[in-house]
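Structure file start_14.cif; described as mmCIF, C-alpha atoms.
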```cif
data_structure
#
loop_
_atom_site.label_atom_id
_atom_site.label_comp_id
_atom_site.auth_asym_id
_atom_site.auth_seq_id
_atom_site.Cartn_x
_atom_site.Cartn_y
_atom_site.Cartn_z
CA MET A 1 43.82 -10.36 -2.82
CA SER A 2 45.20 -7.69 -0.53
CA SER A 3 44.84 -8.10 3.24
CA ARG A 4 45.04 -4.58 4.59
CA SER A 5 42.93 -5.58 7.61
CA GLY A 6 45.16 -8.58 8.37
CA LEU A 7 42.05 -10.68 9.05
CA ARG A 8 41.60 -14.20 7.72
CA VAL A 9 37.93 -15.17 7.79
CA LEU A 10 36.30 -18.44 6.80
CA GLN A 11 32.67 -18.11 5.78
CA ALA A 12 31.15 -21.50 6.61
CA THR A 13 27.70 -21.92 5.12
CA PRO A 14 25.47 -24.74 3.86
CA GLY A 15 24.72 -22.84 0.64
CA TYR A 16 26.26 -20.05 -1.40
CA ALA A 17 25.92 -18.31 -4.74
CA PRO A 18 24.79 -19.20 -7.33
CA ALA A 19 22.17 -21.08 -5.25
CA TYR A 20 19.94 -18.00 -5.19
CA GLU A 21 16.79 -20.13 -5.09
CA LEU A 22 17.62 -20.86 -1.44
CA GLY A 23 16.52 -17.33 -0.55
CA GLY A 24 17.75 -13.95 0.62
CA PRO A 25 20.54 -15.16 2.95
CA ILE A 26 22.50 -16.37 -0.10
CA GLN A 27 22.47 -12.92 -1.67
CA SER A 28 23.22 -11.13 1.59
CA LEU A 29 26.16 -13.42 2.39
CA GLU A 30 27.55 -12.95 -1.11
CA GLY A 31 27.26 -9.17 -0.77
CA LEU A 32 28.96 -9.15 2.62
CA THR A 33 31.77 -11.42 1.44
CA HIS A 34 32.60 -9.23 -1.57
CA HIS A 35 32.66 -6.04 0.47
CA LEU A 36 34.81 -7.64 3.16
CA ALA A 37 37.28 -8.54 0.42
CA ASN A 38 37.13 -4.96 -0.88
CA LEU A 39 38.19 -3.80 2.59
CA GLY A 40 41.19 -6.12 2.56
CA VAL A 41 39.89 -9.13 4.48
CA ASP A 42 41.33 -12.48 3.36
CA VAL A 43 37.97 -14.22 3.08
CA ARG A 44 37.20 -17.72 1.83
CA VAL A 45 33.90 -19.60 1.58
CA LEU A 46 33.39 -23.25 2.44
CA THR A 47 29.97 -24.44 1.37
CA THR A 48 28.16 -27.37 -0.28
CA ASP A 49 26.90 -27.81 -3.82
CA SER A 50 23.32 -27.74 -2.54
CA GLY A 51 20.93 -25.83 -4.76
CA GLY A 52 17.67 -26.83 -3.10
CA ASP A 53 16.13 -29.76 -4.94
CA LYS A 54 19.11 -29.95 -7.27
CA ARG A 55 22.88 -29.85 -6.94
CA LEU A 56 24.86 -26.97 -8.39
CA ASP A 57 26.87 -27.65 -11.52
CA VAL A 58 30.23 -26.68 -10.01
CA ALA A 59 33.71 -28.15 -10.16
CA ASP A 60 35.56 -29.92 -7.35
CA GLY A 61 38.30 -28.14 -5.43
CA TRP A 62 38.85 -24.49 -4.69
CA GLN A 63 37.73 -22.06 -7.37
CA GLN A 64 36.87 -18.41 -7.83
CA TRP A 65 33.28 -17.21 -7.71
CA ARG A 66 33.30 -13.57 -8.78
CA GLY A 67 36.75 -13.12 -7.30
CA ILE A 68 36.16 -14.98 -4.01
CA PRO A 69 37.79 -18.37 -3.26
CA VAL A 70 34.97 -20.88 -2.79
CA ARG A 71 34.90 -24.63 -2.28
CA TYR A 72 31.64 -26.47 -2.95
CA VAL A 73 31.67 -29.77 -1.03
CA ARG A 74 29.61 -32.50 -2.66
CA ARG A 75 26.39 -33.21 -0.79
CA TRP A 76 25.32 -36.82 -0.44
CA PHE A 77 21.78 -36.33 0.81
CA ARG A 78 19.28 -33.49 0.64
CA PRO A 79 19.19 -30.77 1.64
CA ASP A 80 22.89 -30.27 2.50
CA VAL A 81 24.38 -33.39 4.11
CA ALA A 82 28.03 -33.46 3.00
CA PRO A 83 30.26 -35.89 4.98
CA GLY A 84 33.40 -34.38 3.45
CA TYR A 85 32.62 -30.96 4.91
CA PHE A 86 34.06 -31.45 8.41
CA PRO A 87 37.70 -32.32 7.53
CA LEU A 88 37.88 -29.39 5.12
CA ALA A 89 36.31 -27.09 7.72
CA LEU A 90 38.95 -28.16 10.24
CA ILE A 91 41.80 -27.52 7.80
CA GLU A 92 40.42 -24.08 6.97
CA ALA A 93 39.70 -23.26 10.61
CA LEU A 94 43.37 -23.81 11.45
CA ARG A 95 44.40 -21.13 8.92
CA ALA A 96 41.64 -18.66 9.84
CA ASP A 97 41.49 -16.06 12.58
CA VAL A 98 37.72 -16.39 12.91
CA LEU A 99 34.92 -18.55 11.50
CA HIS A 100 31.71 -16.88 10.46
CA VAL A 101 29.11 -19.65 10.50
CA THR A 102 25.74 -19.18 8.82
CA GLY A 103 22.68 -21.17 9.85
CA ILE A 104 21.73 -23.52 12.70
CA PHE A 105 19.28 -26.01 11.17
CA SER A 106 21.86 -27.52 8.85
CA VAL A 107 24.50 -30.22 9.13
CA PRO A 108 27.37 -28.15 7.63
CA SER A 109 26.77 -25.36 10.16
CA ILE A 110 27.14 -27.81 13.03
CA GLN A 111 30.21 -29.37 11.39
CA ALA A 112 31.75 -25.90 11.14
CA MET A 113 31.03 -25.21 14.82
CA LEU A 114 32.73 -28.47 15.78
CA ALA A 115 35.72 -27.65 13.56
CA ALA A 116 36.08 -24.25 15.21
CA LEU A 117 36.06 -25.84 18.67
CA ALA A 118 38.65 -28.41 17.61
CA ALA A 119 40.87 -25.68 16.15
CA ARG A 120 40.22 -23.34 19.10
CA ARG A 121 39.03 -20.51 16.92
CA PRO A 122 36.36 -17.90 17.68
CA VAL A 123 32.98 -18.19 15.98
CA VAL A 124 30.58 -15.52 14.81
CA LEU A 125 27.26 -17.29 14.28
CA SER A 126 24.54 -15.81 12.05
CA THR A 127 21.18 -17.43 12.76
CA ARG A 128 19.52 -15.70 9.75
CA GLY A 129 16.09 -15.57 11.33
CA ALA A 130 15.91 -19.28 12.17
CA LEU A 131 15.11 -18.53 15.83
CA GLU A 132 12.28 -16.11 15.10
CA PRO A 133 9.02 -17.35 16.67
CA GLY A 134 7.31 -17.37 13.28
CA ALA A 135 10.12 -19.45 11.76
CA LEU A 136 10.16 -21.92 14.65
CA SER A 137 6.41 -22.45 14.33
CA TYR A 138 6.51 -23.09 10.58
CA GLY A 139 7.36 -26.32 8.75
CA PRO A 140 8.59 -29.44 10.59
CA VAL A 141 8.08 -27.96 14.06
CA ARG A 142 8.80 -31.13 16.07
CA ARG A 143 11.96 -31.82 14.10
CA LYS A 144 13.15 -28.24 14.66
CA ARG A 145 12.53 -28.49 18.40
CA SER A 146 14.39 -31.80 18.63
CA TRP A 147 17.33 -30.47 16.61
CA LEU A 148 17.53 -27.27 18.65
CA SER A 149 17.40 -29.21 21.91
CA ALA A 150 20.26 -31.43 20.72
CA VAL A 151 22.57 -28.70 19.40
CA ARG A 152 21.78 -25.88 21.86
CA PRO A 153 24.85 -26.61 24.04
CA LEU A 154 27.07 -26.43 20.95
CA LEU A 155 25.44 -23.24 19.65
CA ARG A 156 26.08 -21.58 22.99
CA GLN A 157 29.80 -22.06 22.35
CA ALA A 158 29.65 -19.34 19.69
CA THR A 159 31.78 -16.40 20.70
CA VAL A 160 29.39 -13.81 19.25
CA PHE A 161 25.98 -14.12 17.64
CA HIS A 162 25.22 -11.92 14.66
CA ALA A 163 21.70 -10.54 14.30
CA THR A 164 20.48 -8.34 11.47
CA SER A 165 18.00 -6.46 13.69
CA GLU A 166 17.25 -5.86 17.35
CA LYS A 167 14.14 -8.01 16.89
CA GLU A 168 16.34 -10.93 15.85
CA ALA A 169 18.74 -10.24 18.71
CA GLN A 170 15.87 -10.63 21.18
CA SER A 171 14.90 -13.96 19.59
CA ILE A 172 18.47 -15.24 19.89
CA ARG A 173 18.63 -14.34 23.58
CA ALA A 174 15.23 -15.92 24.19
CA SER A 175 16.35 -19.22 22.64
CA LEU A 176 20.01 -19.40 23.65
CA GLY A 177 20.23 -17.41 26.87
CA ALA A 178 19.93 -13.81 27.99
CA SER A 179 23.69 -13.59 28.51
CA SER A 180 24.50 -14.43 24.87
CA GLU A 181 26.88 -11.98 23.22
CA VAL A 182 24.79 -10.63 20.34
CA ARG A 183 25.82 -7.87 17.94
CA VAL A 184 23.44 -6.27 15.46
CA VAL A 185 24.78 -5.63 11.96
CA PRO A 186 22.07 -4.99 9.35
CA ASN A 187 22.39 -6.41 5.87
CA GLY A 188 23.50 -3.96 3.24
CA VAL A 189 22.40 -3.10 -0.29
CA ASP A 190 24.13 -1.80 -3.36
CA LEU A 191 22.72 1.69 -3.69
CA PRO A 192 21.80 2.43 -7.34
CA ALA A 193 23.66 5.63 -8.19
CA ASP A 194 21.21 6.90 -10.81
CA ALA A 195 17.81 5.89 -9.39
CA GLU A 196 15.21 8.44 -10.50
CA PRO A 197 12.14 9.71 -8.58
CA ILE A 198 8.91 7.78 -9.14
CA GLU A 199 7.42 8.35 -12.58
CA ALA A 200 3.71 8.91 -13.27
CA SER A 201 3.17 6.65 -16.28
CA GLY A 202 0.27 4.23 -16.61
CA ASP A 203 -1.41 2.56 -13.66
CA PRO A 204 0.71 2.72 -10.49
CA VAL A 205 2.34 -0.57 -9.54
CA VAL A 206 2.16 -2.29 -6.16
CA GLY A 207 5.18 -4.60 -6.02
CA PHE A 208 6.50 -7.57 -4.10
CA LEU A 209 9.87 -9.20 -4.76
CA GLY A 210 11.16 -12.23 -2.89
CA ARG A 211 10.84 -15.95 -2.43
CA ILE A 212 7.29 -17.06 -3.23
CA HIS A 213 6.58 -18.94 -0.02
CA PRO A 214 3.60 -19.13 2.39
CA VAL A 215 5.58 -17.36 5.11
CA LYS A 216 5.53 -14.23 2.91
CA ALA A 217 1.72 -14.00 3.36
CA LEU A 218 1.13 -13.19 -0.29
CA GLY A 219 -2.46 -14.34 -0.03
CA GLN A 220 -3.00 -11.40 2.33
CA LEU A 221 -1.54 -9.03 -0.25
CA ILE A 222 -3.77 -10.40 -3.00
CA ASP A 223 -6.82 -9.97 -0.75
CA ALA A 224 -5.68 -6.39 -0.09
CA ALA A 225 -5.51 -5.80 -3.85
CA ALA A 226 -9.12 -6.95 -4.14
CA ILE A 227 -10.11 -4.39 -1.48
CA LEU A 228 -8.27 -1.63 -3.35
CA GLN A 229 -10.03 -2.60 -6.57
CA GLU A 230 -13.39 -2.45 -4.79
CA ARG A 231 -12.51 1.10 -3.74
CA GLY A 232 -12.21 2.07 -7.39
CA LEU A 233 -8.42 2.42 -7.55
CA ARG A 234 -6.58 1.68 -10.77
CA PHE A 235 -3.26 -0.11 -10.23
CA ALA A 236 -1.26 -3.20 -11.13
CA LEU A 237 0.00 -5.83 -8.69
CA ARG A 238 3.35 -7.39 -9.54
CA ILE A 239 4.62 -10.37 -7.51
CA ALA A 240 8.05 -11.66 -8.53
CA GLY A 241 10.54 -14.16 -7.18
CA PRO A 242 11.68 -17.79 -7.24
CA MET A 243 8.78 -20.23 -6.85
CA PRO A 244 10.10 -23.55 -5.50
CA ASP A 245 6.63 -24.96 -4.81
CA PRO A 246 4.39 -25.13 -7.91
CA ARG A 247 1.42 -26.01 -5.71
CA TYR A 248 1.69 -22.74 -3.83
CA ARG A 249 1.92 -20.81 -7.07
CA ALA A 250 -1.22 -22.58 -8.28
CA GLU A 251 -3.01 -21.56 -5.07
CA LEU A 252 -2.08 -17.91 -5.58
CA GLU A 253 -3.13 -17.97 -9.23
CA ALA A 254 -6.49 -19.52 -8.29
CA GLN A 255 -6.98 -16.82 -5.66
CA ILE A 256 -6.23 -14.11 -8.23
CA GLN A 257 -8.81 -15.51 -10.64
CA LYS A 258 -11.43 -16.02 -7.93
CA LEU A 259 -11.14 -12.38 -6.85
CA GLY A 260 -11.37 -11.06 -10.40
CA LEU A 261 -7.80 -9.74 -10.41
CA GLY A 262 -6.72 -11.47 -13.59
CA ARG A 263 -6.15 -8.17 -15.43
CA VAL A 264 -4.50 -6.53 -12.42
CA ALA A 265 -2.16 -9.11 -10.87
CA LEU A 266 0.85 -10.81 -12.44
CA LEU A 267 3.06 -13.54 -10.99
CA SER A 268 6.53 -13.79 -12.48
CA GLY A 269 9.68 -15.74 -11.64
CA GLU A 270 13.02 -14.69 -10.22
CA LEU A 271 14.39 -11.36 -11.44
CA ARG A 272 18.06 -10.44 -11.55
CA GLY A 273 20.18 -7.70 -13.04
CA ALA A 274 18.41 -5.37 -15.45
CA GLU A 275 15.05 -7.08 -14.95
CA LYS A 276 15.22 -6.56 -11.20
CA ARG A 277 16.16 -2.93 -11.64
CA ALA A 278 13.28 -2.40 -14.07
CA PHE A 279 10.91 -3.98 -11.55
CA TYR A 280 11.88 -1.55 -8.81
CA GLU A 281 11.86 1.44 -11.14
CA GLY A 282 8.32 0.56 -12.17
CA CYS A 283 6.88 0.47 -8.63
CA ARG A 284 4.84 3.16 -6.92
CA VAL A 285 4.90 1.32 -3.58
CA PHE A 286 6.61 -1.86 -2.39
CA VAL A 287 4.92 -4.26 0.06
CA LEU A 288 6.46 -6.88 2.37
CA PRO A 289 3.48 -8.58 4.09
CA SER A 290 5.46 -11.45 5.65
CA SER A 291 4.39 -13.40 8.71
CA THR A 292 8.02 -13.43 9.88
CA GLU A 293 11.25 -11.73 8.80
CA ASN A 294 14.51 -11.27 10.65
CA PHE A 295 15.48 -8.44 8.27
CA GLY A 296 14.03 -8.32 4.76
CA ASN A 297 16.72 -7.28 2.28
CA VAL A 298 14.10 -6.11 -0.21
CA VAL A 299 13.08 -3.24 2.06
CA PRO A 300 16.34 -1.22 1.82
CA GLU A 301 16.63 -2.30 -1.82
CA ALA A 302 13.27 -0.70 -2.62
CA LEU A 303 14.05 2.37 -0.51
CA GLY A 304 17.31 2.76 -2.40
CA TYR A 305 15.24 3.13 -5.57
CA ARG A 306 13.18 5.88 -3.89
CA ILE A 307 10.16 3.59 -3.46
CA PRO A 308 8.07 3.87 -0.26
CA VAL A 309 7.56 0.57 1.56
CA VAL A 310 4.63 -0.95 3.42
CA ALA A 311 5.91 -3.71 5.74
CA SER A 312 4.08 -5.88 8.22
CA ARG A 313 4.62 -5.68 11.96
CA PHE A 314 6.13 -9.17 11.77
CA THR A 315 9.17 -7.54 10.14
CA PRO A 316 11.72 -5.35 12.00
CA TRP A 317 10.84 -2.21 10.06
CA ALA A 318 9.17 0.18 12.53
CA GLU A 319 11.80 2.62 11.26
CA LEU A 320 9.69 3.18 8.13
CA GLU A 321 7.17 5.19 10.10
CA ASP A 322 9.81 6.89 12.26
CA VAL A 323 11.52 8.22 9.14
CA GLY A 324 8.37 8.79 7.08
CA CYS A 325 9.36 6.55 4.19
CA GLY A 326 6.57 4.00 4.54
CA ARG A 327 4.15 2.22 6.85
CA TRP A 328 4.56 -0.52 9.45
CA VAL A 329 1.20 -2.21 9.92
CA GLY A 330 -0.53 -5.50 10.62
CA ASN A 331 -0.71 -7.85 7.68
CA SER A 332 -4.46 -8.28 7.52
CA PRO A 333 -5.81 -7.48 4.04
CA ARG A 334 -7.62 -4.35 5.24
CA GLU A 335 -4.61 -2.97 7.13
CA LEU A 336 -2.41 -3.53 4.08
CA ALA A 337 -4.95 -1.91 1.76
CA ASP A 338 -5.33 1.12 4.04
CA ALA A 339 -1.54 1.58 4.13
CA ILE A 340 -1.07 1.17 0.38
CA GLU A 341 -3.95 3.39 -0.76
CA PRO A 342 -2.50 6.85 0.02
CA TYR A 343 0.56 6.17 -2.13
CA LEU A 344 -1.62 5.14 -5.06
CA ARG A 345 -3.77 8.25 -4.78
CA ASP A 346 -1.01 10.80 -4.13
CA LEU A 347 2.11 10.75 -6.33
CA ASP A 348 3.71 13.62 -4.41
CA LEU A 349 3.32 11.74 -1.13
CA ALA A 350 5.00 8.70 -2.66
CA ARG A 351 7.85 10.80 -4.01
CA ARG A 352 8.46 12.54 -0.67
CA ALA A 353 8.48 9.20 1.14
CA GLY A 354 10.82 7.77 -1.49
CA GLU A 355 13.35 10.56 -0.99
CA LEU A 356 13.33 10.01 2.78
CA GLY A 357 13.85 6.28 2.22
CA ARG A 358 16.78 6.84 -0.09
CA ALA A 359 18.43 9.08 2.52
CA LEU A 360 17.89 6.41 5.20
CA VAL A 361 19.66 3.77 3.12
CA GLN A 362 22.57 6.12 2.48
CA ARG A 363 22.93 6.66 6.23
CA ARG A 364 22.55 3.10 7.51
CA TYR A 365 22.21 0.32 4.97
CA THR A 366 25.06 0.37 2.45
CA TRP A 367 27.24 -2.72 2.09
CA ASP A 368 30.35 -0.72 2.91
CA ALA A 369 28.89 0.23 6.29
CA ALA A 370 27.78 -3.36 6.95
CA ALA A 371 31.19 -4.80 6.09
CA ARG A 372 33.04 -2.29 8.28
CA SER A 373 30.73 -3.10 11.19
CA MET A 374 31.25 -6.82 10.66
CA ILE A 375 35.02 -6.40 10.75
CA GLU A 376 34.58 -4.77 14.17
CA VAL A 377 32.53 -7.81 15.26
CA TYR A 378 35.24 -10.19 14.03
CA ASN A 379 37.93 -8.31 15.93
CA GLU A 380 35.78 -8.23 19.04
CA SER A 381 35.15 -11.98 18.80
CA ILE A 382 38.91 -12.60 18.63
CA ALA A 383 39.46 -10.48 21.73
CA LEU A 384 36.62 -12.20 23.63
CA HIS A 385 37.95 -15.62 22.67
CA ARG A 386 41.43 -14.78 23.94
CA ARG A 387 40.00 -13.65 27.29
CA ALA A 388 37.82 -16.75 27.69
CA PRO A 389 39.04 -19.26 30.31
CA PRO A 390 40.54 -22.48 28.89
CA ASP A 391 38.38 -25.61 28.84
#
```
Any chance you could give the structure as structure tokens?
Amino acid sequence: MSSRSGLRVLQATPGYAPAYELGGPIQSLEGLTHHLANLGVDVRVLTTDSGGDKRLDVADGWQQWRGIPVRYVRRWFRPDVAPGYFPLALIEALRADVLHVTGIFSVPSIQAMLAALAARRPVVLSTRGALEPGALSYGPVRRKRSWLSAVRPLLRQATVFHATSEKEAQSIRASLGASSEVRVVPNGVDLPADAEPIEASGDPVVGFLGRIHPVKALGQLIDAAAILQERGLRFALRIAGPMPDPRYRAELEAQIQKLGLGRVALLSGELRGAEKRAFYEGCRVFVLPSSTENFGNVVPEALGYRIPVVASRFTPWAELEDVGCGRWVGNSPRELADAIEPYLRDLDLARRAGELGRALVQRRYTWDAAARSMIEVYNESIALHRRAPPD
């Protein structure tokens, strides 16, 4: 691997590809890592073999994952407790110029922070939406509060915090101090070179792609589809993504049947490669109704395919309305239905919005742009660390 930038970066993360079932941060970290390497950064990944409920079938020791050196430390307890992680993190920290740590509610992330302090190396810490109010109020709330109270002094030792949106930056400052050094670098996408304008074939498709989880508010989207059907619109609803909780899937399927959407709505599993591309190419409008998102990788992905997007106000995508490539609305069923309807009725409107969205991604959300910005953040963190007074 060439090192034109001269930078040596350790990506320290509790999970990494191919553990895609863990959600969007896995894919975004993989994309960033590859494009950093393309720009000459000597980048390595230290992670665990956690794959959610299961462990990844990976070998011991350093190996190549799609051209990137990765070491998967064996976890002992779910979700990602790996006692062997710290000594390896310390060894790698001593050879690195900067550690990029992902996550805060995980043992490996804290071990990596401690290793960076022991090695006296700067840290760029990506919280990946964990400090968003919606995320803090979901799941084991008391446990999250206790954990955050315990590790907050350590987290504040990060040289720079990485946020993917200004909304996330505000949440970081609210939780860890107004004086925190936060830099905003959006996630990137691989822009499909030959994406065609929206086709008018069959019933238009309303699409969602992402982790099938209650925080995505998919019940609201299904209720919105029922409203659209009552208004006499012909369309199909396609919801795709990994479904780690079979009970939640059963709830959504029961809701679909109860509302008489059995012939309209389809739930399918995770899509990758050609299937994912076909999904986007088949959409008339993409919807992200989430109750909380720090970024939402699927938004620029859909825009890159010239698909207008309707996103909830709990996502950081006010830009959709500013640019004219979608809507940014509340996630009540009626608000979602009102935002979706014009694109179903007017193909030309959808095509114009899609073109504006594609142009936006070209300007701001390519992986090359994200990786170049992150290199600037790494260099800045090194400079800040050198200027910091000794302990």
Pick out the residues sitting within 6 Å of region 57-72 of chain A, and hand them over as a ChimeraX atom specification; count all atoms listed in the file, and ignore anything fewer than 4 positions along from it in its own chain. /A:44-49
Could you tell me which of A:Ala163, A:Ile104, A:Leu99, A:Ala115 comes closest to Phe86 (chain A) if we count all atoms listed in the file?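 Comparing A:Ala163, A:Ile104, A:Leu99, A:Ala115 against Phe86 (chain A), the winner is A:Ala115.
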Who sits within 10 Å of Leu36 (chain A), all atoms listed in the file, same chain under 2 positions skipped, as a ChimeraX atom specification: /A:5,7,9,30-34,38-43,367-368,370-372,374-375
Please measure the separation of CA of Phe208 (chain A) and CA of Thr127 (chain A), giving the value in Å to one decimal. 24.4 Å
Evaluating the PyMOL selection byres ((chain A and resi 275-277) around 10) on the displayed file yields which residues, as a ChimeraX atom specification? /A:192,195,209,240-241,270-274,278-282,301-302,305
